[in-house]
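One file, my_file-v3.cif, carrying mmCIF, C-alpha atoms and all ligand atoms:
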```cif
data_coords
loop_
_atom_site.label_atom_id
_atom_site.label_comp_id
_atom_site.auth_asym_id
_atom_site.auth_seq_id
_atom_site.Cartn_x
_atom_site.Cartn_y
_atom_site.Cartn_z
CA MET B 1 9.13 -16.70 -12.47
CA TRP B 2 8.80 -15.16 -9.01
CA ILE B 3 10.06 -12.02 -7.32
CA LEU B 4 11.12 -11.98 -3.68
CA VAL B 5 9.87 -8.68 -2.24
CA LEU B 6 11.59 -7.39 0.91
CA ASN B 7 10.53 -4.56 3.19
CA SER B 8 13.24 -4.06 5.82
CA GLY B 9 12.48 -2.01 8.93
CA SER B 10 14.81 -1.10 11.77
CA SER B 11 14.22 -4.46 13.51
CA SER B 12 11.79 -6.18 11.16
CA LEU B 13 11.75 -7.86 7.79
CA LYS B 14 8.56 -8.34 5.80
CA PHE B 15 8.83 -10.60 2.78
CA ALA B 16 6.68 -12.08 0.05
CA VAL B 17 7.35 -14.29 -2.94
CA VAL B 18 5.10 -12.81 -5.59
CA ASN B 19 4.20 -13.67 -9.18
CA PRO B 20 4.50 -10.28 -10.88
CA GLY B 21 1.96 -11.21 -13.55
CA SER B 22 -0.89 -12.49 -11.41
CA GLY B 23 -0.06 -11.18 -7.95
CA GLU B 24 -0.17 -14.75 -6.58
CA VAL B 25 1.82 -15.09 -3.34
CA ARG B 26 3.56 -18.44 -2.70
CA LEU B 27 5.24 -17.55 0.56
CA SER B 28 5.09 -14.52 2.82
CA GLY B 29 5.97 -13.58 6.35
CA LEU B 30 7.34 -11.22 8.89
CA ALA B 31 10.43 -11.39 11.10
CA GLU B 32 10.15 -9.10 14.12
CA ARG B 33 12.33 -7.81 16.96
CA LEU B 34 15.44 -8.81 15.01
CA GLY B 35 18.63 -8.44 17.00
CA SER B 36 16.86 -9.16 20.31
CA GLU B 37 16.33 -12.33 22.33
CA ALA B 38 12.62 -12.18 21.41
CA ALA B 39 13.28 -12.26 17.65
CA SER B 40 10.85 -14.46 15.77
CA MET B 41 9.63 -15.14 12.27
CA ARG B 42 6.14 -15.93 11.01
CA MET B 43 5.76 -17.66 7.67
CA ASP B 44 2.57 -18.10 5.65
CA ARG B 45 2.40 -20.76 2.96
CA GLY B 46 -0.96 -20.82 1.24
CA GLY B 47 -2.95 -20.47 4.45
CA GLU B 48 -0.61 -22.60 6.56
CA ARG B 49 1.16 -20.49 9.20
CA GLN B 50 4.33 -21.33 11.14
CA THR B 51 6.25 -19.35 13.72
CA HIS B 52 9.99 -19.84 14.32
CA ALA B 53 12.00 -18.48 17.25
CA LEU B 54 15.07 -16.60 16.02
CA LYS B 55 16.77 -15.75 19.37
CA GLY B 56 19.11 -12.83 18.72
CA GLY B 57 18.58 -13.40 15.00
CA SER B 58 19.80 -10.88 12.42
CA TYR B 59 18.52 -10.00 8.93
CA ALA B 60 20.98 -12.52 7.58
CA GLN B 61 19.57 -15.32 9.72
CA ALA B 62 16.02 -14.36 8.84
CA LEU B 63 16.95 -14.47 5.16
CA ASP B 64 18.61 -17.87 5.64
CA LEU B 65 15.25 -19.19 6.88
CA VAL B 66 13.50 -17.73 3.83
CA LEU B 67 16.14 -19.29 1.61
CA ALA B 68 15.68 -22.71 3.19
CA GLU B 69 11.91 -22.45 2.78
CA LEU B 70 12.30 -21.45 -0.88
CA GLY B 71 14.36 -24.60 -1.34
CA ARG B 72 11.69 -26.76 0.31
CA LEU B 73 9.01 -25.26 -1.94
CA GLY B 74 11.15 -25.89 -5.03
CA LEU B 75 11.21 -22.16 -5.77
CA TRP B 76 14.95 -21.88 -5.61
CA GLY B 77 15.98 -21.30 -9.22
CA GLN B 78 12.58 -19.84 -10.10
CA LEU B 79 13.34 -16.48 -8.54
CA ARG B 80 13.95 -13.75 -11.10
CA ALA B 81 14.94 -10.91 -8.75
CA VAL B 82 14.74 -9.41 -5.29
CA GLY B 83 12.64 -6.22 -5.06
CA HIS B 84 13.36 -3.91 -2.14
CA ARG B 85 11.07 -1.26 -0.76
CA VAL B 86 13.24 1.81 -0.16
CA VAL B 87 11.59 4.71 1.64
CA HIS B 88 13.54 7.75 0.42
CA GLY B 89 15.01 8.20 -3.02
CA GLY B 90 15.35 11.99 -2.78
CA GLU B 91 15.30 13.82 -6.13
CA ARG B 92 17.62 11.25 -7.64
CA PHE B 93 15.09 8.44 -8.19
CA SER B 94 11.87 8.85 -10.14
CA ALA B 95 11.70 5.17 -11.09
CA PRO B 96 12.88 1.80 -9.77
CA ALA B 97 16.62 1.19 -10.03
CA LEU B 98 18.80 -1.87 -10.46
CA ILE B 99 21.02 -1.89 -7.39
CA THR B 100 24.69 -1.29 -8.20
CA PRO B 101 27.38 0.00 -5.81
CA GLU B 102 26.68 3.47 -7.21
CA VAL B 103 22.91 3.20 -6.60
CA LEU B 104 23.54 1.92 -3.08
CA GLU B 105 25.74 4.96 -2.48
CA ALA B 106 22.95 7.24 -3.77
CA ILE B 107 20.50 5.58 -1.34
CA ARG B 108 23.06 6.21 1.39
CA THR B 109 23.19 9.93 0.54
CA CYS B 110 19.42 10.04 1.23
CA VAL B 111 19.93 8.78 4.81
CA PRO B 112 19.74 12.28 6.37
CA LEU B 113 16.28 12.65 4.76
CA ALA B 114 15.03 9.35 6.28
CA PRO B 115 17.34 8.57 9.21
CA LEU B 116 15.10 5.81 10.58
CA HIS B 117 14.16 4.09 7.34
CA ASN B 118 16.96 4.24 4.76
CA PRO B 119 19.66 2.66 6.99
CA ALA B 120 17.32 -0.30 7.60
CA ASN B 121 16.60 -0.56 3.88
CA ILE B 122 20.35 -0.55 3.15
CA ALA B 123 20.98 -3.26 5.75
CA GLY B 124 18.25 -5.36 4.12
CA ILE B 125 19.74 -4.86 0.67
CA LYS B 126 23.21 -5.87 1.85
CA ALA B 127 21.91 -8.99 3.56
CA ALA B 128 19.95 -9.91 0.41
CA ILE B 129 23.01 -9.44 -1.82
CA ARG B 130 24.92 -11.86 0.43
CA ALA B 131 22.03 -14.34 0.51
CA PHE B 132 21.20 -14.11 -3.22
CA PRO B 133 24.46 -13.07 -4.92
CA ASP B 134 23.34 -14.25 -8.37
CA LEU B 135 20.00 -12.43 -8.48
CA PRO B 136 19.39 -8.89 -9.71
CA GLN B 137 18.38 -6.62 -6.80
CA VAL B 138 15.94 -3.81 -7.56
CA ALA B 139 15.13 -0.80 -5.38
CA VAL B 140 11.56 0.54 -5.54
CA PHE B 141 11.19 3.93 -3.86
CA ASP B 142 8.25 5.26 -1.84
CA THR B 143 9.06 8.74 -3.09
CA ALA B 144 9.55 7.95 -6.80
CA PHE B 145 5.88 8.19 -7.85
CA HIS B 146 5.74 11.75 -6.50
CA GLN B 147 8.70 13.02 -8.52
CA THR B 148 6.14 14.21 -11.12
CA MET B 149 4.83 16.83 -8.66
CA PRO B 150 5.18 20.33 -10.12
CA GLU B 151 7.34 22.89 -8.35
CA VAL B 152 4.24 24.74 -7.06
CA ALA B 153 3.38 21.60 -5.11
CA TYR B 154 6.82 20.52 -3.93
CA ARG B 155 8.51 23.78 -2.90
CA TYR B 156 8.23 25.20 0.61
CA ALA B 157 8.27 28.97 1.10
CA VAL B 158 11.65 28.85 2.87
CA PRO B 159 15.11 30.23 1.97
CA GLU B 160 16.14 28.87 -1.40
CA ALA B 161 19.54 27.71 -0.12
CA TRP B 162 17.74 25.24 2.16
CA TYR B 163 16.30 23.63 -0.96
CA ARG B 164 19.38 23.86 -3.18
CA GLN B 165 21.94 22.80 -0.56
CA HIS B 166 19.94 20.61 1.80
CA GLY B 167 17.08 19.22 -0.28
CA VAL B 168 14.35 20.88 1.79
CA ARG B 169 11.25 20.29 -0.36
CA ARG B 170 8.17 18.12 -0.33
CA TYR B 171 8.79 14.52 -1.52
CA GLY B 172 5.63 12.56 -0.67
CA PHE B 173 5.57 8.90 0.42
CA HIS B 174 3.43 5.73 0.06
CA GLY B 175 3.95 6.20 -3.70
CA THR B 176 3.77 2.48 -4.48
CA SER B 177 0.36 2.24 -2.83
CA HIS B 178 -1.04 5.43 -4.38
CA ALA B 179 0.09 4.32 -7.86
CA PHE B 180 -1.37 0.83 -7.41
CA VAL B 181 -4.82 1.87 -6.15
CA ALA B 182 -5.19 4.67 -8.72
CA ALA B 183 -4.71 2.12 -11.52
CA GLU B 184 -7.12 -0.33 -9.87
CA ALA B 185 -9.70 2.44 -9.41
CA ALA B 186 -9.57 3.27 -13.13
CA GLN B 187 -10.33 -0.38 -13.89
CA LEU B 188 -13.25 -0.44 -11.45
CA LEU B 189 -14.60 2.80 -12.95
CA ALA B 190 -14.01 1.35 -16.45
CA ARG B 191 -12.29 4.56 -17.53
CA PRO B 192 -8.74 5.19 -18.78
CA LEU B 193 -6.44 6.21 -15.93
CA THR B 194 -4.93 8.87 -18.21
CA GLU B 195 -8.25 10.74 -18.19
CA LEU B 196 -8.94 10.64 -14.45
CA LYS B 197 -8.51 13.15 -11.62
CA LEU B 198 -8.33 10.99 -8.49
CA VAL B 199 -7.56 11.59 -4.84
CA THR B 200 -6.14 8.47 -3.23
CA ALA B 201 -6.18 8.21 0.58
CA HIS B 202 -3.74 5.66 2.02
CA LEU B 203 -4.85 5.25 5.64
CA GLY B 204 -2.78 2.77 7.61
CA ASN B 205 -0.55 3.44 10.61
CA GLY B 206 0.94 6.15 8.39
CA CYS B 207 -1.60 8.16 6.39
CA SER B 208 -1.34 10.31 3.28
CA VAL B 209 -3.49 11.57 0.45
CA CYS B 210 -2.27 12.03 -3.09
CA ALA B 211 -3.62 13.97 -6.08
CA VAL B 212 -3.31 11.65 -9.09
CA LEU B 213 -3.82 13.40 -12.44
CA GLY B 214 -3.90 11.06 -15.41
CA GLY B 215 -1.98 8.44 -13.41
CA ARG B 216 0.74 10.84 -12.24
CA SER B 217 1.17 12.31 -8.76
CA VAL B 218 0.74 16.09 -8.76
CA ASP B 219 0.42 16.68 -5.01
CA SER B 220 0.72 14.82 -1.72
CA SER B 221 -0.06 15.59 1.91
CA MET B 222 3.33 14.24 3.01
CA GLY B 223 6.38 16.45 2.65
CA LEU B 224 10.07 16.43 3.49
CA THR B 225 9.44 13.54 5.89
CA PRO B 226 6.48 11.19 6.45
CA LEU B 227 5.43 13.39 9.41
CA GLU B 228 3.58 16.08 7.45
CA GLY B 229 -0.11 16.11 6.64
CA LEU B 230 -2.86 13.95 8.12
CA VAL B 231 -3.31 12.80 11.70
CA MET B 232 -1.81 9.28 11.93
CA GLY B 233 -1.57 6.48 14.51
CA THR B 234 1.26 8.02 16.52
CA ARG B 235 2.29 10.92 14.22
CA SER B 236 0.92 14.43 14.62
CA GLY B 237 0.71 15.38 10.95
CA ASP B 238 0.64 19.16 10.38
CA VAL B 239 1.51 21.41 13.31
CA ASP B 240 2.56 25.06 13.43
CA PRO B 241 6.29 25.13 12.58
CA GLY B 242 6.64 27.55 15.52
CA LEU B 243 5.66 24.71 17.87
CA HIS B 244 9.15 23.18 18.03
CA ASP B 245 10.84 26.24 19.47
CA TYR B 246 7.92 27.04 21.79
CA ILE B 247 7.54 23.60 23.33
CA SER B 248 11.27 22.96 23.56
CA ARG B 249 11.62 26.09 25.71
CA GLN B 250 8.42 25.57 27.70
CA ALA B 251 8.89 21.86 28.40
CA GLY B 252 12.71 21.78 28.38
CA LEU B 253 12.89 19.33 25.47
CA SER B 254 15.60 19.11 22.84
CA LEU B 255 14.61 19.40 19.17
CA THR B 256 15.31 15.67 18.82
CA GLU B 257 12.92 14.93 21.69
CA VAL B 258 10.21 17.15 20.19
CA THR B 259 10.55 15.40 16.82
CA ALA B 260 10.46 11.98 18.49
CA ALA B 261 7.29 12.94 20.39
CA LEU B 262 5.64 14.19 17.19
CA ASN B 263 6.49 10.86 15.50
CA ARG B 264 5.80 8.39 18.27
CA GLU B 265 3.64 9.93 21.01
CA SER B 266 1.18 12.01 19.01
CA GLY B 267 -1.66 11.40 16.55
CA LEU B 268 -4.60 9.17 17.47
CA LEU B 269 -2.65 7.81 20.45
CA ALA B 270 -2.19 11.25 22.00
CA LEU B 271 -5.68 12.53 21.24
CA SER B 272 -7.41 9.45 22.64
CA GLY B 273 -5.00 8.82 25.51
CA LEU B 274 -5.81 5.19 24.71
CA THR B 275 -4.39 3.63 21.54
CA ASN B 276 -3.08 4.31 18.03
CA ASP B 277 -5.30 1.54 16.64
CA MET B 278 -8.42 2.77 14.80
CA ARG B 279 -10.38 -0.44 15.36
CA GLU B 280 -9.87 -0.20 19.14
CA LEU B 281 -10.77 3.50 19.04
CA GLU B 282 -14.04 2.76 17.26
CA GLU B 283 -14.89 0.12 19.85
CA ALA B 284 -14.05 2.53 22.69
CA ALA B 285 -16.04 5.36 21.09
CA ALA B 286 -19.04 3.04 20.77
CA ARG B 287 -18.79 2.40 24.53
CA GLY B 288 -18.93 6.17 25.13
CA HIS B 289 -15.20 7.00 25.42
CA ALA B 290 -15.29 10.74 24.63
CA GLN B 291 -11.58 11.15 23.88
CA ALA B 292 -11.64 8.20 21.47
CA GLN B 293 -14.52 9.88 19.63
CA LEU B 294 -12.63 13.18 19.58
CA ALA B 295 -9.56 11.48 18.12
CA ILE B 296 -11.67 9.96 15.33
CA ASP B 297 -13.44 13.27 14.65
CA ILE B 298 -10.14 15.16 14.34
CA PHE B 299 -8.70 12.40 12.12
CA VAL B 300 -11.75 12.60 9.83
CA ASN B 301 -11.88 16.40 9.74
CA ARG B 302 -8.24 16.69 8.73
CA LEU B 303 -8.66 13.94 6.15
CA ALA B 304 -11.71 15.58 4.55
CA ARG B 305 -9.97 18.99 4.43
CA SER B 306 -6.93 17.41 2.84
CA ILE B 307 -8.98 15.59 0.18
CA ALA B 308 -10.69 18.88 -0.70
CA ALA B 309 -7.28 20.57 -0.97
CA MET B 310 -6.10 17.83 -3.36
CA ALA B 311 -9.20 18.45 -5.53
CA VAL B 312 -7.89 22.01 -5.97
CA SER B 313 -4.48 20.66 -7.04
CA LEU B 314 -6.27 18.45 -9.58
CA GLY B 315 -8.58 21.18 -10.90
CA GLY B 316 -11.52 18.81 -10.48
CA LEU B 317 -12.35 15.46 -8.97
CA ASP B 318 -13.50 12.26 -10.66
CA GLY B 319 -13.25 10.06 -7.58
CA VAL B 320 -11.82 9.43 -4.12
CA VAL B 321 -10.11 6.14 -3.27
CA PHE B 322 -9.83 4.75 0.27
CA THR B 323 -7.12 2.19 1.01
CA GLY B 324 -4.80 0.92 3.80
CA GLY B 325 -5.98 -0.81 6.98
CA ILE B 326 -8.35 2.02 7.96
CA GLY B 327 -9.45 2.93 4.43
CA GLU B 328 -10.21 -0.70 3.54
CA ASN B 329 -11.97 -1.62 6.77
CA SER B 330 -13.49 1.33 8.56
CA ALA B 331 -16.90 2.01 7.04
CA SER B 332 -17.54 4.64 9.71
CA VAL B 333 -14.38 6.68 8.94
CA ARG B 334 -15.27 6.57 5.24
CA ALA B 335 -18.88 7.59 5.86
CA ALA B 336 -17.91 10.43 8.20
CA THR B 337 -15.28 11.69 5.73
CA LEU B 338 -17.68 11.65 2.77
CA THR B 339 -20.35 13.37 4.85
CA ARG B 340 -17.91 16.22 5.46
CA LEU B 341 -17.24 16.24 1.71
CA ARG B 342 -20.90 16.98 0.93
CA VAL B 343 -19.60 20.36 -0.16
CA LEU B 344 -18.04 18.57 -3.17
CA GLY B 345 -21.26 16.68 -3.91
CA PHE B 346 -20.44 13.36 -2.20
CA ALA B 347 -23.26 11.18 -0.85
CA VAL B 348 -22.55 7.78 0.76
CA ASP B 349 -24.49 4.63 -0.11
CA GLN B 350 -24.58 3.23 3.43
CA GLU B 351 -25.29 -0.32 2.33
CA ALA B 352 -22.52 -0.45 -0.27
CA ASN B 353 -20.17 1.19 2.23
CA GLY B 354 -20.98 -1.43 4.85
CA ARG B 355 -20.31 -4.23 2.36
CA ALA B 356 -16.91 -2.90 1.28
CA VAL B 357 -14.53 -4.47 3.77
CA ARG B 358 -11.18 -6.18 3.19
CA GLY B 359 -11.37 -8.40 0.15
CA HIS B 360 -14.51 -6.69 -1.16
CA PRO B 361 -13.55 -3.50 -2.97
CA GLY B 362 -16.23 -1.42 -4.60
CA ILE B 363 -17.96 1.89 -5.15
CA ILE B 364 -19.56 3.20 -1.95
CA THR B 365 -21.40 6.31 -3.11
CA ALA B 366 -24.94 7.00 -4.33
CA PRO B 367 -25.52 7.08 -8.12
CA ASP B 368 -25.74 10.90 -8.31
CA SER B 369 -22.55 11.40 -6.23
CA PRO B 370 -19.01 11.56 -7.58
CA PRO B 371 -17.66 8.04 -6.96
CA ALA B 372 -15.76 7.09 -3.82
CA LEU B 373 -14.13 3.68 -3.97
CA VAL B 374 -12.61 1.18 -1.60
CA ILE B 375 -9.57 -0.54 -3.10
CA ASN B 376 -7.28 -3.06 -1.39
CA THR B 377 -3.72 -1.91 -1.73
CA ASN B 378 -1.03 -4.42 -2.63
CA GLU B 379 2.41 -2.87 -2.32
CA GLU B 380 4.18 -6.23 -2.60
CA TRP B 381 2.59 -6.95 -5.97
CA MET B 382 3.35 -3.43 -7.18
CA ILE B 383 7.02 -3.78 -6.14
CA ALA B 384 7.21 -7.15 -7.94
CA ARG B 385 5.67 -5.61 -11.07
CA GLU B 386 8.02 -2.64 -10.97
CA ALA B 387 11.05 -4.91 -10.54
CA GLN B 388 9.94 -7.12 -13.42
CA GLY B 389 9.19 -4.08 -15.61
CA LEU B 390 12.68 -2.70 -15.03
CA LEU B 391 14.36 -6.03 -15.83
CA ASN B 392 12.29 -6.49 -18.98
CA SER B 393 13.11 -2.99 -20.21
CA ASP B 394 16.81 -3.75 -19.74
P1 LIG W 1 0.48 -0.36 8.18
O1 LIG W 1 0.43 1.07 7.79
O2 LIG W 1 1.37 -0.63 9.35
O3 LIG W 1 0.64 -1.31 7.02
P2 LIG W 1 -2.33 -1.11 8.12
O4 LIG W 1 -2.47 -0.63 6.71
O5 LIG W 1 -2.54 -2.54 8.40
O6 LIG W 1 -0.97 -0.66 8.79
O7 LIG W 1 -3.38 -0.26 8.97
C1 LIG W 1 -3.45 -0.36 10.35
C2 LIG W 1 -4.68 0.42 10.82
O8 LIG W 1 -5.86 -0.15 10.23
C3 LIG W 1 -4.86 0.37 12.32
O9 LIG W 1 -5.24 1.66 12.81
C4 LIG W 1 -6.03 -0.60 12.47
O10 LIG W 1 -6.77 -0.37 13.61
C5 LIG W 1 -6.84 -0.25 11.24
N1 LIG W 1 -7.84 -1.29 10.99
C6 LIG W 1 -7.65 -2.57 10.63
N2 LIG W 1 -8.83 -3.25 10.61
C7 LIG W 1 -9.79 -2.35 10.96
C8 LIG W 1 -11.21 -2.42 11.14
N3 LIG W 1 -11.89 -3.54 10.93
N4 LIG W 1 -11.85 -1.29 11.53
C9 LIG W 1 -11.18 -0.15 11.75
N5 LIG W 1 -9.86 -0.02 11.61
C10 LIG W 1 -9.16 -1.10 11.23
#
```
Mind turning the file's structure into structure tokens?
Amino acid sequence: MWILVLNSGSSSLKFAVVNPGSGEVRLSGLAERLGSEAASMRMDRGGERQTHALKGGSYAQALDLVLAELGRLGLWGQLRAVGHRVVHGGERFSAPALITPEVLEAIRTCVPLAPLHNPANIAGIKAAIRAFPDLPQVAVFDTAFHQTMPEVAYRYAVPEAWYRQHGVRRYGFHGTSHAFVAAEAAQLLARPLTELKLVTAHLGNGCSVCAVLGGRSVDSSMGLTPLEGLVMGTRSGDVDPGLHDYISRQAGLSLTEVTAALNRESGLLALSGLTNDMRELEEAAARGHAQAQLAIDIFVNRLARSIAAMAVSLGGLDGVVFTGGIGENSASVRAATLTRLRVLGFAVDQEANGRAVRGHPGIITAPDSPPALVINTNEEWMIAREAQGLLNSD
């Protein structure tokens, strides 16, 4: 049996048909710029790639194409469920949930916490219910893994009413990825996950680190929203909370404009004045672009500081895991980060680090160093497994 995994963005739909047992993917793809004239969909079938124009296409039309393809592949009837990535589950969801009208309503009540993401996730769920009315639909939340964080990690030092009435607390994100790579790391280290103190660093366009104690999240660099913490592609990460008021008065910006700039015009893009893409930054830095190098240095410094902070939350450190597009591919970011973590005893094995690129996970530290590992994340597989696990337990 197969699980259709859907990740719905504001104008995009990422999908994969995954075997929850083996992780095998039969069909995957991405529909982009939905709702516009330029809408298109890319489909991958075992190495064979096709692109379809979807002119003005909606989620529903994108799903119709997926449906037709499932029919052609003879997978129609072999689907067990649809698994949806949902960004914010608030305090309500600490595990995946079978989508009922009541669960959908609960996801809707989390919209103020994730105004960009949850409405898109809801639209994707509704379209999938229409397209696959007979299949169970399961929501898998980015925040759920972090619901095990203790109060010392999740509370902000702000008026209590903000927390009680408005849910102002730290939630953490990328939970599916952190949970997946922590379990994979335990296997690679040949030690039980329940005995390990790991820091997992998910470094993609969004970046976060997580303290994983015995397989459970006990701290995360991301907070109320996915803006807190590390420097990211276009997101600032941590800034002084006094910045909003100061810059809104100085530059004549509304709070909404300040928040938008911190989300979309900051991070690596702002520091380099060039791009949000780490690979391009590394190429520019190698050509002598000083601002590109500065952007990388600030990214690495903040990352190393954050990993060290997570070691405090864990009360020790048995290993650091790098994942996501940057974590899996950038040997130089990993080496620079571990060099800054000398204070915790880390020493890079340059050769092993150079070998560990996408598709080749491994341990990248010297024998006398605490281990640092490169693990390929696989959120689609994790969502399929979670969906299957929920259905089996029912
Ligand atoms: P998303 O968070 O959107 O899923 P990814 O996990 O694919 O994104 O990560 C995208 C980031 O990974 C980009 O900054 C990209 O430049 C970086 N990346 C991908 N390949 C490499 C590479 N070979 N070297 C350095 N950075 C890379």
With a cut-off of 7 Å, could you pull out the residues of chain B touching ligand LIG 1 (chain W) and give me the nearest pair of atoms for each, distance in Å to one decimal, using all atoms listed in the file, ordered by chain and ascending number, as a Markdown table?
```
| residue | atom | partner | partner_atom | distance |
| --- | --- | --- | --- | --- |
| B:Leu203 | CA | W:LIG1 | O4 | 6.4 |
| B:Gly204 | CA | W:LIG1 | O7 | 3.4 |
| B:Asn205 | CA | W:LIG1 | O1 | 3.8 |
| B:Gly206 | CA | W:LIG1 | O1 | 5.1 |
| B:Gly233 | CA | W:LIG1 | O9 | 6.3 |
| B:Asn276 | CA | W:LIG1 | O9 | 6.2 |
| B:Asp277 | CA | W:LIG1 | O9 | 3.8 |
| B:Met278 | CA | W:LIG1 | O10 | 3.7 |
| B:Arg279 | CA | W:LIG1 | C9 | 3.7 |
| B:Glu280 | CA | W:LIG1 | O10 | 6.3 |
| B:Glu282 | CA | W:LIG1 | C9 | 6.9 |
| B:Gly324 | CA | W:LIG1 | O4 | 4.0 |
| B:Gly325 | CA | W:LIG1 | O8 | 3.3 |
| B:Ile326 | CA | W:LIG1 | O8 | 4.0 |
| B:Asn329 | CA | W:LIG1 | C8 | 4.5 |
| B:Ser330 | CA | W:LIG1 | C9 | 4.2 |
```
Same residues, C-alpha atoms, saved as a PDB file, in the coordinates of the input:
```pdb
ATOM      1  CA  LEU B 203      -4.850   5.250   5.640  1.00  0.00           C
ATOM      2  CA  GLY B 204      -2.780   2.770   7.610  1.00  0.00           C
ATOM      3  CA  ASN B 205      -0.550   3.440  10.610  1.00  0.00           C
ATOM      4  CA  GLY B 206       0.940   6.150   8.390  1.00  0.00           C
ATOM      5  CA  GLY B 233      -1.570   6.480  14.510  1.00  0.00           C
ATOM      6  CA  ASN B 276      -3.080   4.310  18.030  1.00  0.00           C
ATOM      7  CA  ASP B 277      -5.300   1.540  16.640  1.00  0.00           C
ATOM      8  CA  MET B 278      -8.420   2.770  14.800  1.00  0.00           C
ATOM      9  CA  ARG B 279     -10.380  -0.440  15.360  1.00  0.00           C
ATOM     10  CA  GLU B 280      -9.870  -0.200  19.140  1.00  0.00           C
ATOM     11  CA  GLU B 282     -14.040   2.760  17.260  1.00  0.00           C
ATOM     12  CA  GLY B 324      -4.800   0.920   3.800  1.00  0.00           C
ATOM     13  CA  GLY B 325      -5.980  -0.810   6.980  1.00  0.00           C
ATOM     14  CA  ILE B 326      -8.350   2.020   7.960  1.00  0.00           C
ATOM     15  CA  ASN B 329     -11.970  -1.620   6.770  1.00  0.00           C
ATOM     16  CA  SER B 330     -13.490   1.330   8.560  1.00  0.00           C
TER      17      SER B 330
END
```
Next item on the list: Using all atoms listed in the file, determine which residues lie at most 7 Å from Leu34 (chain B), disregarding the query and same-chain residues fewer than 6 positions distant; provide the list as a PyMOL selection string.
Entry: chain B and resi 11-12+56-59
Item checked: Residue with smallest distance to Thr377 (chain B) - pool B:Ala128, B:Ile307, B:Val181, B:Leu391, counting all atoms listed in the file -> B:Val181
Note to self: Could you check the closest approach to Leu98 (chain B) for each of B:Leu54, B:Cys207, B:Leu390, B:Leu196 and tell me which residue wins, using all atoms listed in the file?
What the structure shows: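 The closest residue to Leu98 (chain B) is B:Leu390.
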Note to self: Using Å and a single decimal, report how far CA of Val18 (chain B) sits from CA of Leu4 (chain B).
What the structure shows: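 Separation between CA of Leu4 (chain B) and CA of Val18 (chain B): 6.4 Å.
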Check: Hey, what's within 12 Å of Val140 (chain B) if we count all atoms listed in the file and toss same-chain stuff fewer than 6 positions away? As an MDAnalysis selection string, please?
Finding: chainID B and resid 5:7 82:89 93:99 103 107 121 125 173:177 379:390
Margin query: Please determine, counting all atoms listed in the file, which residue among B:Asn19, B:Thr323, B:Gln250, B:Ser208 has the shortest atom-to-atom distance to Ala185 (chain B).
Written below: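 Nearest to Ala185 (chain B): B:Thr323.
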Checklist line | CA of Leu373 (chain B) to CA of Ile298 (chain B), distance in Å rounded to a single decimal | finding: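 Result for CA of Leu373 (chain B) versus CA of Ile298 (chain B): 22.0 Å, one decimal.
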Notebook entry, point to check: Pick from B:His244, B:Leu198, B:Ile3, B:Thr256: nearest to Gln78 (chain B), with only C-alpha atoms counted?
Noted result: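 Of B:His244, B:Leu198, B:Ile3, B:Thr256, the one nearest Gln78 (chain B), counting only C-alpha atoms, is B:Ile3.
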Notebook entry, point to check: Hey, can you check how far CA of Arg358 (chain B) sits from CA of Ile375 (chain B)?
Noted result: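 These two atoms are separated by 8.6 Å.
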Next item on the list: Find the residues near region 309-321 of chain B: any atom within 7 Å, counting all atoms listed in the file, skip ones fewer than 5 places away on the same chain, and give them as a list in words.
Entry: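 Selected residues are Leu196, Lys197, Leu198, Val199, Thr200, Ala201, Cys210, Ala211, Leu213, Asp219, Pro370, Pro371, Ala372, Leu373, Val374 and Ile375 of chain B.
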Generate the output file for the selected residues, C-alpha atoms, as a short mmCIF file (atom, residue, chain, number, x, y, z; two decimals), in the frame of the given file.
```cif
data_model
loop_
_atom_site.label_atom_id
_atom_site.label_comp_id
_atom_site.auth_asym_id
_atom_site.auth_seq_id
_atom_site.Cartn_x
_atom_site.Cartn_y
_atom_site.Cartn_z
CA LEU B 196 -8.94 10.64 -14.45
CA LYS B 197 -8.51 13.15 -11.62
CA LEU B 198 -8.33 10.99 -8.49
CA VAL B 199 -7.56 11.59 -4.84
CA THR B 200 -6.14 8.47 -3.23
CA ALA B 201 -6.18 8.21 0.58
CA CYS B 210 -2.27 12.03 -3.09
CA ALA B 211 -3.62 13.97 -6.08
CA LEU B 213 -3.82 13.40 -12.44
CA ASP B 219 0.42 16.68 -5.01
CA PRO B 370 -19.01 11.56 -7.58
CA PRO B 371 -17.66 8.04 -6.96
CA ALA B 372 -15.76 7.09 -3.82
CA LEU B 373 -14.13 3.68 -3.97
CA VAL B 374 -12.61 1.18 -1.60
CA ILE B 375 -9.57 -0.54 -3.10
#
```
Expected axis-aligned box over every listed atom of region 201-211 of chain B, 8 Å added per side, centre plus edges in Å to one decimal, as AutoDock Vina command-line options:
```
--center_x -2.6 --center_y 8.4 --center_z 2.3 --size_x 23.1 --size_y 27.2 --size_z 32.7
```
Notebook entry, point to check: Of the candidates B:Pro159, B:Gly223, B:Gly167, B:Pro361, which one gets nearest to Phe322 (chain B) if we count all atoms listed in the file?
Noted result: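 Of all the options, B:Pro361 lies closest to Phe322 (chain B).
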Checklist line | Option closest in space to Gly267 (chain B), from B:Ile296, B:Ala190, B:Ile247, B:Val138 [counting only C-alpha atoms] | finding: B:Ile296
Notebook entry, point to check: Which neighbours of Leu65 (chain B) fall inside 12 Å, counting all atoms listed in the file, when residues of the same chain fewer than 6 positions from it are skipped, and could you give them as a list in words?
Noted result: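 Skipping anything fewer than 6 positions along the chain leaves Leu13, Phe15, Leu27, Ser28, Gly29, Leu30, Ala31, Ser40, Met41, Arg42, Met43, Gln50, Thr51, His52, Ala53, Leu54, Gly57, Ser58, Tyr59, Gly71, Arg72 and Ala131 of chain B.
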